[in-house]
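K.L.:
A single structure is presented below for examination.
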Amino acid sequence: MQYVMKGGIPLTGEVTIGGAKNAALGLLCAAIMTDDTVIIDNLPDVRDTNMLLEALCEIGAYVRRLNRHSVEICGKTVRTVRADSDNIRKIRASYYLMGALLGKYKKAEIALPGGCNIGSRPIDQHLKGFRALNASADIEFGMAVASSDHLTGGHIYLDVVSVGATINIMLAAALADGSTILENAAKEPHVVDVANMLNSMGANIKGAGTDIIRIKGVPRLHGTEYSVIPDQIEAGTFMLAAAVTQGDVTVKNVIPKHLEAISSKLMEIGCKVIEYDDAVRVICDHRPNHTDVKTLPYPGFPTDMQPQMTVALSIAEGTSIVTESVFESRFRYVNELTRMGATIKVVEGSAAVIKGVNRLTGAEVAAPDLRAGAALVLAGLGAEGYTVVTQIEFIQRGYEGFAEKLAGLGAQISMVEDDKEIMKFKLQVV
Ligand code: UD1
């Protein structure tokens, strides 16, 4: 599938943001840690969460969709701690099954995760954490294998701030015997969300959202009903869409606090940002100004918003520098953007020097990963003429109804299968 679009229309109106994909992946794995029923609402209907739900079924969990955004899960029927299906291999966050299964069954064998190709993405910190909980944890024959005769609390200092390791260790430690202290923990909103859901299941986790998380293990967890937090990155992507198309977009159903790093950069480049209780409006009535951006763990500027920001800066007045400090190969989309007329030089893989151009021009480009794919769509909407973005399966991993939501803001965009449908689109739009 591909997206075809005609750019040049300022996006205006309101868009409702769904539940956070990255939080949902942790919550779905946490849900099987009890034998009771767990109901999760505000679940985004995206490829990654759907593949993980299938993977949960494959290991025996009971999964019933109550509606598009709500699911009932029961882990009582889990029959194996070995997860190595295609679904598992395709999503990065399937590694949360390690923490969940190790905590509950004291054993887990998970095929090494895939996900977006944005760097080497090791899991050494996850394994180090499990070892500190008195488990053996290694990579064997392409599987991450962990087990323990007696899972106990431990003291862990993460060498790098890792969202995945923080959540995974929290999951396992929630059902360990004794107390765990996790230092240099990630502070992302989805870390807090997973801790909140575990606590609502009877866990005792304090300090999530700060550098130090303290977990007192409990013997068992119980059922709960929980609603996923709004997706910070989906919201940020639509906020940047306003900047790129010089539009006026209100993102609804968000937690403005989680968007502060993005809001403040948008203000720096000359956008007006108005915060409401659960919405943020971005107005951009002129070409963006240049600025410098460095990605950092939360509350810094999110690496998952780096490509979208780079697109906005590619049409800014003046020269900007974007430094990527979280992942090592996150500028793979720059070649595609250059084909649309952007002037960007990547220095040693970790910084992009962007000389703003007056306008981008439409081209056929390929989405190299999830967030870069979304960024290329924004570029196409801001560009003159037609743009085709291929490999949109990446985008579908994390954005629900992306084209529909953009069309709701006035974008001329359609999801098409082949050249014939692209021709049809071109004939239909004015
Ligand atoms: C999560 C998000 C991803 C986001 C990233 C950073 C999910 C499913 N994915 O990915 O969208 O871009 O956080 O906000 O939530 N590292 C190690 N060893 C480890 C673990 C990580 O060296 O054991 C390094 C990574 O290579 C990377 C950095 O730590 O350089 C941060 O990675 P991490 O926060 O773990 O990212 P993910 O959890 O994979």
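Residues are referred to by chain and number: the chain letter is A, B, ... according to the order shown in the structure tokens, the number counts from 1 in that chain, and ligands are numbered separately from 1 in the order shown.
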I want to know what sits within 6 Å of stretch 168-183 of chain A, based on only C-alpha atoms, with residues of the same chain fewer than 6 positions away left out; could you give that as a ChimeraX atom specification?
P.N.:
/A:96,99-100,102-103,129,151-157,203,211-219
K.L.:
Selected residues, N, CA and C atoms, written as a CSV table (one decimal), in the first residue's frame, please.
P.N.:
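Wrote part07.csv, looks like this:
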chain,number,residue,atom,x,y,z
A,96,TYR,N,8.8,-7.1,26.2
A,96,TYR,CA,8.1,-7.0,27.5
A,96,TYR,C,7.5,-8.3,28.0
A,99,GLY,N,9.9,-9.8,30.8
A,99,GLY,CA,9.6,-9.3,32.2
A,99,GLY,C,8.3,-9.9,32.7
A,100,ALA,N,7.3,-9.9,31.9
A,100,ALA,CA,6.0,-10.3,32.3
A,100,ALA,C,6.0,-11.8,32.7
A,102,LEU,N,8.7,-13.8,33.1
A,102,LEU,CA,9.7,-14.1,34.2
A,102,LEU,C,9.1,-13.8,35.5
A,103,GLY,N,8.4,-12.7,35.6
A,103,GLY,CA,7.8,-12.3,36.9
A,103,GLY,C,6.8,-13.3,37.3
A,129,GLY,N,19.4,-6.3,34.3
A,129,GLY,CA,18.3,-6.1,35.3
A,129,GLY,C,17.8,-7.4,35.8
A,151,LEU,N,13.1,-15.7,42.3
A,151,LEU,CA,13.3,-14.3,41.8
A,151,LEU,C,13.2,-13.4,43.0
A,152,THR,N,14.3,-12.6,43.2
A,152,THR,CA,14.3,-11.7,44.4
A,152,THR,C,14.6,-10.3,44.0
A,153,GLY,N,14.3,-9.4,44.9
A,153,GLY,CA,14.5,-8.0,44.6
A,153,GLY,C,16.0,-7.7,44.4
A,154,GLY,N,16.4,-6.6,43.8
A,154,GLY,CA,17.8,-6.3,43.6
A,154,GLY,C,18.0,-4.8,43.4
A,155,HIS,N,19.2,-4.4,43.3
A,155,HIS,CA,19.6,-3.0,43.1
A,155,HIS,C,20.2,-2.9,41.7
A,156,ILE,N,19.6,-2.1,40.9
A,156,ILE,CA,20.1,-2.0,39.5
A,156,ILE,C,20.4,-0.5,39.2
A,157,TYR,N,21.5,-0.2,38.6
A,157,TYR,CA,21.8,1.1,38.0
A,157,TYR,C,21.9,0.9,36.5
A,203,ALA,N,0.3,-4.2,42.5
A,203,ALA,CA,1.8,-4.1,42.7
A,203,ALA,C,2.1,-2.9,43.6
A,211,ASP,N,14.0,9.4,38.4
A,211,ASP,CA,15.2,8.7,38.2
A,211,ASP,C,15.2,7.3,38.9
A,212,ILE,N,14.6,7.3,40.1
A,212,ILE,CA,14.7,6.1,40.9
A,212,ILE,C,13.3,5.5,41.1
A,213,ILE,N,13.2,4.3,40.7
A,213,ILE,CA,11.9,3.5,40.9
A,213,ILE,C,12.1,2.5,42.0
A,214,ARG,N,11.2,2.5,43.0
A,214,ARG,CA,11.3,1.5,44.1
A,214,ARG,C,10.1,0.5,43.9
A,215,ILE,N,10.4,-0.7,43.9
A,215,ILE,CA,9.4,-1.8,43.7
A,215,ILE,C,9.4,-2.8,44.9
A,216,LYS,N,8.3,-2.9,45.6
A,216,LYS,CA,8.2,-3.9,46.6
A,216,LYS,C,7.5,-5.1,46.0
A,217,GLY,N,8.1,-6.2,45.8
A,217,GLY,CA,7.5,-7.3,45.2
A,217,GLY,C,6.2,-7.8,45.9
A,218,VAL,N,5.2,-8.3,45.2
A,218,VAL,CA,4.0,-8.8,45.9
A,218,VAL,C,3.9,-10.3,45.3
A,219,PRO,N,3.2,-11.1,46.1
A,219,PRO,CA,3.1,-12.5,45.7
A,219,PRO,C,2.2,-12.7,44.4
K.L.:
Just the alpha helix (DSSP H) stuff from stretch 80-256 of chain A, please, per backbone DSSP, written as an MDAnalysis selection string.
P.N.:
chainID A and resid 86:90 96:105 124:132 163:174 189:200 232:245
K.L.:
Identify, counting only C-alpha atoms and all ligand atoms, the protein, DNA and RNA residues located within 6 Å of ligand 1, and give them as an MDAnalysis selection string.
P.N.:
chainID A and resid 22 92:93 120:126 160:165 303:304 326:327
K.L.:
Could you tell me which of A:Gln2, A:Thr77, A:Asn253, A:Asn67 comes closest to A:Ala20 if we count only C-alpha atoms?
P.N.:
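That would be A:Asn253, the residue with the smallest distance to A:Ala20.
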K.L.:
Compile the contact shell of stretch 56-65 of chain A as a PyMOL selection string: residues with an atom at most 7 Å away, counting only C-alpha atoms, same-chain residues fewer than 2 positions apart removed.
P.N.:
chain A and resi 52-54+67+70-80+83
K.L.:
Once you have the residues from the selection above, write them out as a tab-separated table (two decimals), in the first residue's frame, restricted to C-alpha atoms.
P.N.:
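Output file result-v9.tsv follows:
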chain	number	residue	atom	x	y	z
A	52	LEU	CA	1.15	-8.38	20.09
A	53	LEU	CA	-2.45	-9.39	20.81
A	54	GLU	CA	-2.03	-12.25	18.33
A	67	ASN	CA	-14.74	-3.01	20.57
A	70	SER	CA	-11.09	-2.05	24.11
A	71	VAL	CA	-9.86	-5.55	24.87
A	72	GLU	CA	-10.38	-8.16	27.57
A	73	ILE	CA	-7.36	-10.33	28.43
A	74	CYS	CA	-6.98	-13.26	30.78
A	75	GLY	CA	-3.56	-14.80	31.44
A	76	LYS	CA	-4.89	-17.84	33.31
A	77	THR	CA	-4.73	-20.03	30.23
A	78	VAL	CA	-1.13	-19.20	29.23
A	79	ARG	CA	0.40	-22.58	28.37
A	80	THR	CA	3.95	-21.77	27.34
A	83	ALA	CA	7.28	-17.07	22.35
K.L.:
For the interface of stretch 21-123 of chain A with stretch 225-242 of chain A (cut-off 6 Å, counting only C-alpha atoms), please tabulate each contacting residue of stretch 21-123 of chain A alongside its nearest pair of atoms and their separation in Å to one decimal, rows sorted by chain and increasing number, as JSON lines.
P.N.:
{"residue": "A:Val38", "atom": "CA", "partner": "A:Glu225", "partner_atom": "CA", "distance": 5.8}
{"residue": "A:Ile39", "atom": "CA", "partner": "A:Glu225", "partner_atom": "CA", "distance": 4.6}
{"residue": "A:Ile40", "atom": "CA", "partner": "A:Tyr226", "partner_atom": "CA", "distance": 5.0}
{"residue": "A:Asp41", "atom": "CA", "partner": "A:Ser227", "partner_atom": "CA", "distance": 4.5}
{"residue": "A:Asn42", "atom": "CA", "partner": "A:Val228", "partner_atom": "CA", "distance": 5.3}
K.L.:
For A:Val191, find every residue with an atom within 7 Å (counting only C-alpha atoms), except residues of its own chain fewer than 6 positions away, and show them as a list of chain:residue names.
P.N.:
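Close residues of A:Val191: A:Val163, A:Ile167, A:Ala208, A:Gly209.
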K.L.:
Please produce a file of the residues just selected, as a JSON list (two decimals), in the first residue's frame, where the atoms kept are all heavy atoms.
P.N.:
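part-v2.json, freshly written:
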[["chain", "number", "residue", "atom", "x", "y", "z"],
["A", 163, "VAL", "N", 14.03, 3.03, 28.03],
["A", 163, "VAL", "CA", 12.60, 2.87, 28.29],
["A", 163, "VAL", "C", 12.28, 1.38, 28.42],
["A", 163, "VAL", "O", 11.63, 0.94, 29.38],
["A", 163, "VAL", "CB", 11.77, 3.45, 27.12],
["A", 163, "VAL", "CG1", 10.30, 3.18, 27.31],
["A", 163, "VAL", "CG2", 12.04, 4.93, 26.96],
["A", 167, "ILE", "N", 10.90, -0.60, 31.84],
["A", 167, "ILE", "CA", 9.58, -1.25, 31.93],
["A", 167, "ILE", "C", 9.74, -2.75, 32.18],
["A", 167, "ILE", "O", 9.06, -3.34, 33.03],
["A", 167, "ILE", "CB", 8.76, -0.98, 30.65],
["A", 167, "ILE", "CG1", 8.38, 0.51, 30.59],
["A", 167, "ILE", "CG2", 7.50, -1.86, 30.58],
["A", 167, "ILE", "CD1", 7.57, 0.93, 29.38],
["A", 208, "ALA", "N", 7.91, 5.97, 39.74],
["A", 208, "ALA", "CA", 7.90, 5.95, 38.26],
["A", 208, "ALA", "C", 7.70, 7.38, 37.76],
["A", 208, "ALA", "O", 6.85, 8.11, 38.28],
["A", 208, "ALA", "CB", 6.80, 5.04, 37.75],
["A", 209, "GLY", "N", 8.51, 7.78, 36.80],
["A", 209, "GLY", "CA", 8.47, 9.18, 36.33],
["A", 209, "GLY", "C", 9.63, 9.97, 36.91],
["A", 209, "GLY", "O", 9.85, 11.11, 36.54]]
K.L.:
Using only C-alpha atoms, which residue out of A:Glu324, A:Glu400, A:Glu421, A:Glu268 lies closest to A:Lys294?
P.N.:
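Looking only at the distances to A:Lys294, the closest residue turns out to be A:Glu324.
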K.L.:
Which residue, A:Ser263, A:Gln396, A:Gln246, A:Thr361, has the smallest gap to A:Ala312 when you use only C-alpha atoms?
P.N.:
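Checking each candidate against A:Ala312, we get A:Gln246 as the closest.
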